[in-house]
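All remarks here apply to the structure that follows.
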Amino acid sequence: MIRDIVSRYDLDRVSIATLASHSSLQIFHGAKMEGFKTVAIVTSDRLWFYEHFKHLIDSFIVLNSWRDLCRNDVVEKLVSLNSVIVPHGSYVEYVGLDCAENIAVPIFGLRKLFRVEADQWAKMGLLQRAGIPIPRVYRFGEEIDRPVIVKLPGAKGGRGYFIAKNSREVEEGLRKRVEQGLIKTFEEAMIQEYLVGVTAYYHYFYSPILNRVEILGADIRYETNVDGLRRVPPDVVAEMGIEPTFVVVGNLPLVLRESLLPKILEYGIRFVEETKKSLPPGAIGPFCLESIIDDNMNIKVFEFSGRIVAGTNIYVNGSPYSYLYWSEPMSTGRRIAREIRLAIEKNRIEEVLT
Ligand SMILES: Nc1ncnc2c1ncn2[C@@H]1O[C@H](COP(=O)(O)OP(=O)(O)O)[C@@H](O)[C@H]1O
Ligand SMILES: [Mg+2]
């Protein structure tokens, strides 16, 4: 079906469309650098803000609610503009899984991956099958034999997550979250071994056209209050009974020891290979592995994102890694547009769209 739509597209007039949020300004900027038209799908309350970036946006599609994205008239408008949707970290959360994976507009990337990402166990299973080290995971009810982090479903920027030292604390914490309406059942939560080390998030790009995995950058997610707690002496933390929380406020740039790069690239390649096996045609474009590195330089990956992550916004002008491949400023947003351009030039557009 998507193939039929693409076959009717005027490939000299492709527009890059995305929801105006998350990393959209980077995506629009990159699309412009590569000579594409851009479409901002925006909710009416945010329109004024994105109009300040009119120089990056050719058309606005204004919605009252993100959930209107799959309305017939919106889809028709997108198709009439020869649009390719670039899904980012907020896409599924905003429009809902059903619309996200079924929309009758070509998507840059692997739409089958959305459903895997929405299920925390399927997500960790994919990493495990890829042979990427992951923390131990527990289901509710299993004996908890070490400190764990308890995560709630959906991309909510860490909201509601907590640390627990035993089964009793897990249950207490979950009961509170049910009362707060954050979850309905205890089983929705994913429980993971709490890893100690430093957090590191790697931005990759898999190019079907060049048949290679590129490392485009790395970042550290800066989270309150867990990252602020080191400013408070441990005895004061204990005295005040402060609980660590994991609400993201921004991202910091990170350049890694070069000796870590082979392992990081290997894990990126394994991820792509596994998606080719279990979700053909496999990953396309940007993805991210989120990890903790311990003092033996062991890397454990506690989650992945199959789309562009907000940490790439640090590198709108390129990163120390993307420059090594391209010798020109190459953000992830621009890299997406470059891949689409290369695919069009080589008559291979269907290989990067699903
Ligand atoms: N297994 C783990 N051990 C230690 N910290 C973790 C672990 N998993 C997640 N975290 C912390 O919690 C944050 C949010 O977790 P994550 O699974 O990335 O959820 P989301 O990205 O959906 O908010 C991470 O950025 C990290 O700081
Ligand atoms: Mg995450």
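Labels used: A, B, ... for chains in the order of the structure tokens, numbers from 1 for residues in each chain, and numbers from 1 for ligands as shown.
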
Residues within 9 Å of ligand 1, counting only C-alpha atoms and all ligand atoms, as a ChimeraX atom specification: /A:120,134-137,148-159,161-163,191-201,220-223,226-227,245-248,290-292,300-305

Neighbour list for Leu265 of chain A as a PyMOL selection string, cut-off 12 Å, only C-alpha atoms, skip fewer than 6 positions in-chain: chain A and resi 132+202-206+212-218+258-259+271-272+288-289+321

For C-alpha atoms, I'd like the residues from the last selection saved as a PDB file, in the first residue's frame.
ATOM      1  CA  ILE A 132      23.752  -6.985  23.499  1.00  0.00           C
ATOM      2  CA  TYR A 202      24.805   6.414  21.612  1.00  0.00           C
ATOM      3  CA  HIS A 203      23.203   7.884  18.500  1.00  0.00           C
ATOM      4  CA  TYR A 204      23.437   5.641  15.463  1.00  0.00           C
ATOM      5  CA  PHE A 205      22.288   5.818  11.884  1.00  0.00           C
ATOM      6  CA  TYR A 206      21.840   2.763   9.719  1.00  0.00           C
ATOM      7  CA  ARG A 212      26.719   0.902   6.976  1.00  0.00           C
ATOM      8  CA  VAL A 213      26.054   1.833  10.572  1.00  0.00           C
ATOM      9  CA  GLU A 214      27.369   5.280  11.522  1.00  0.00           C
ATOM     10  CA  ILE A 215      27.901   6.599  15.056  1.00  0.00           C
ATOM     11  CA  LEU A 216      26.516  10.134  14.821  1.00  0.00           C
ATOM     12  CA  GLY A 217      27.023  11.211  18.425  1.00  0.00           C
ATOM     13  CA  ALA A 218      26.585  10.469  22.100  1.00  0.00           C
ATOM     14  CA  GLU A 258      38.212   5.931  21.555  1.00  0.00           C
ATOM     15  CA  SER A 259      38.905   2.464  22.950  1.00  0.00           C
ATOM     16  CA  PHE A 271      21.018  -4.270  16.745  1.00  0.00           C
ATOM     17  CA  VAL A 272      20.544  -3.714  13.015  1.00  0.00           C
ATOM     18  CA  CYS A 288      19.781   4.969  20.000  1.00  0.00           C
ATOM     19  CA  LEU A 289      21.139   2.527  22.570  1.00  0.00           C
ATOM     20  CA  TYR A 321      31.670  11.713  15.182  1.00  0.00           C
TER      21      TYR A 321
END

DSSP alpha helix (DSSP H) residues within segment 48-255 of chain A, as an MDAnalysis selection string: chainID A and resid 48:51 72:80 91:95 97:102 113:118 120:129 167:179 234:240

Top pick for closest residue to Val62 of chain A, considering A:Ser80, A:Thr43, A:Asn102, A:Thr224 and counting only C-alpha atoms: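 That would be A:Thr43, the residue with the smallest distance to Val62 of chain A.
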
Of the listed residues A:Glu143, A:Trp121, A:Ala104, A:Gly241, that which approaches Glu187 of chain A most closely, counting only C-alpha atoms: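 Selected residue with least distance to Glu187 of chain A: A:Trp121.
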
Residue list (strand (DSSP E or B), DSSP) for segment 135-181 of chain A, as a ChimeraX atom specification: /A:137-138,148-151,162-164

Residue among A:Lys112, A:His52, A:Arg13, A:Lys32 lying closest to Leu279 of chain A, counting only C-alpha atoms: A:Lys112

Pick from A:Asn251, A:Pro320, A:Trp48, A:Ile340, whichever lies nearest to ligand 2 using only C-alpha atoms and all ligand atoms: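 Checking each of A:Asn251, A:Pro320, A:Trp48, A:Ile340 against ligand 2, counting only C-alpha atoms and all ligand atoms, the winner is A:Asn251.
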
Interatomic distance (Å, one decimal) between atom CA of Gly311 of chain A and atom CA of Trp326 of chain A: 19.7 Å

Residues within 12 Å of Leu342 of chain A, please, as an mmCIF file with C-alpha atoms, in the first residue's frame. Count only C-alpha atoms; anything in the same chain fewer than 3 positions from it doesn't count.
data_model
loop_
_atom_site.group_PDB
_atom_site.id
_atom_site.type_symbol
_atom_site.label_atom_id
_atom_site.label_comp_id
_atom_site.auth_asym_id
_atom_site.auth_seq_id
_atom_site.Cartn_x
_atom_site.Cartn_y
_atom_site.Cartn_z
ATOM 1 C CA LEU A 11 10.085 12.517 -6.274
ATOM 2 C CA GLU A 34 19.376 19.014 1.681
ATOM 3 C CA SER A 207 22.026 3.547 6.040
ATOM 4 C CA PRO A 208 20.495 0.922 3.770
ATOM 5 C CA ILE A 209 21.782 2.957 0.823
ATOM 6 C CA LEU A 210 25.442 3.007 1.933
ATOM 7 C CA ARG A 335 21.506 12.767 7.831
ATOM 8 C CA ILE A 336 17.892 11.599 7.469
ATOM 9 C CA ALA A 337 17.338 14.054 4.636
ATOM 10 C CA ARG A 338 20.642 13.065 3.036
ATOM 11 C CA GLU A 339 19.607 9.403 3.067
ATOM 12 C CA GLU A 345 19.082 9.766 -6.746
ATOM 13 C CA LYS A 346 19.792 6.034 -6.890
ATOM 14 C CA ASN A 347 16.167 5.070 -7.593
ATOM 15 C CA ARG A 348 16.027 3.169 -4.300
ATOM 16 C CA ILE A 349 13.499 5.214 -2.325
ATOM 17 C CA GLU A 350 11.392 2.156 -1.419
ATOM 18 C CA GLU A 351 14.342 0.804 0.610
ATOM 19 C CA VAL A 352 14.144 3.588 3.182
#

Distance in Å - atom CA of Arg307 of chain A versus atom CA of Gly89 of chain A: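 So the answer is 6.2 Å.
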
Shortest interatomic distance to Ser59 of chain A - which of A:Glu76, A:His88, A:Ala17, A:Gly306, counting only C-alpha atoms: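 Looking at the shortest contact to Ser59 of chain A, the residue is A:Ala17.
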
Residue neighbourhood Gln26 of chain A, 10 Å, only C-alpha atoms, exclusion window fewer than 2 positions, as a PyMOL selection string: chain A and resi 22-24+28-32+56+310+312-317+331-334
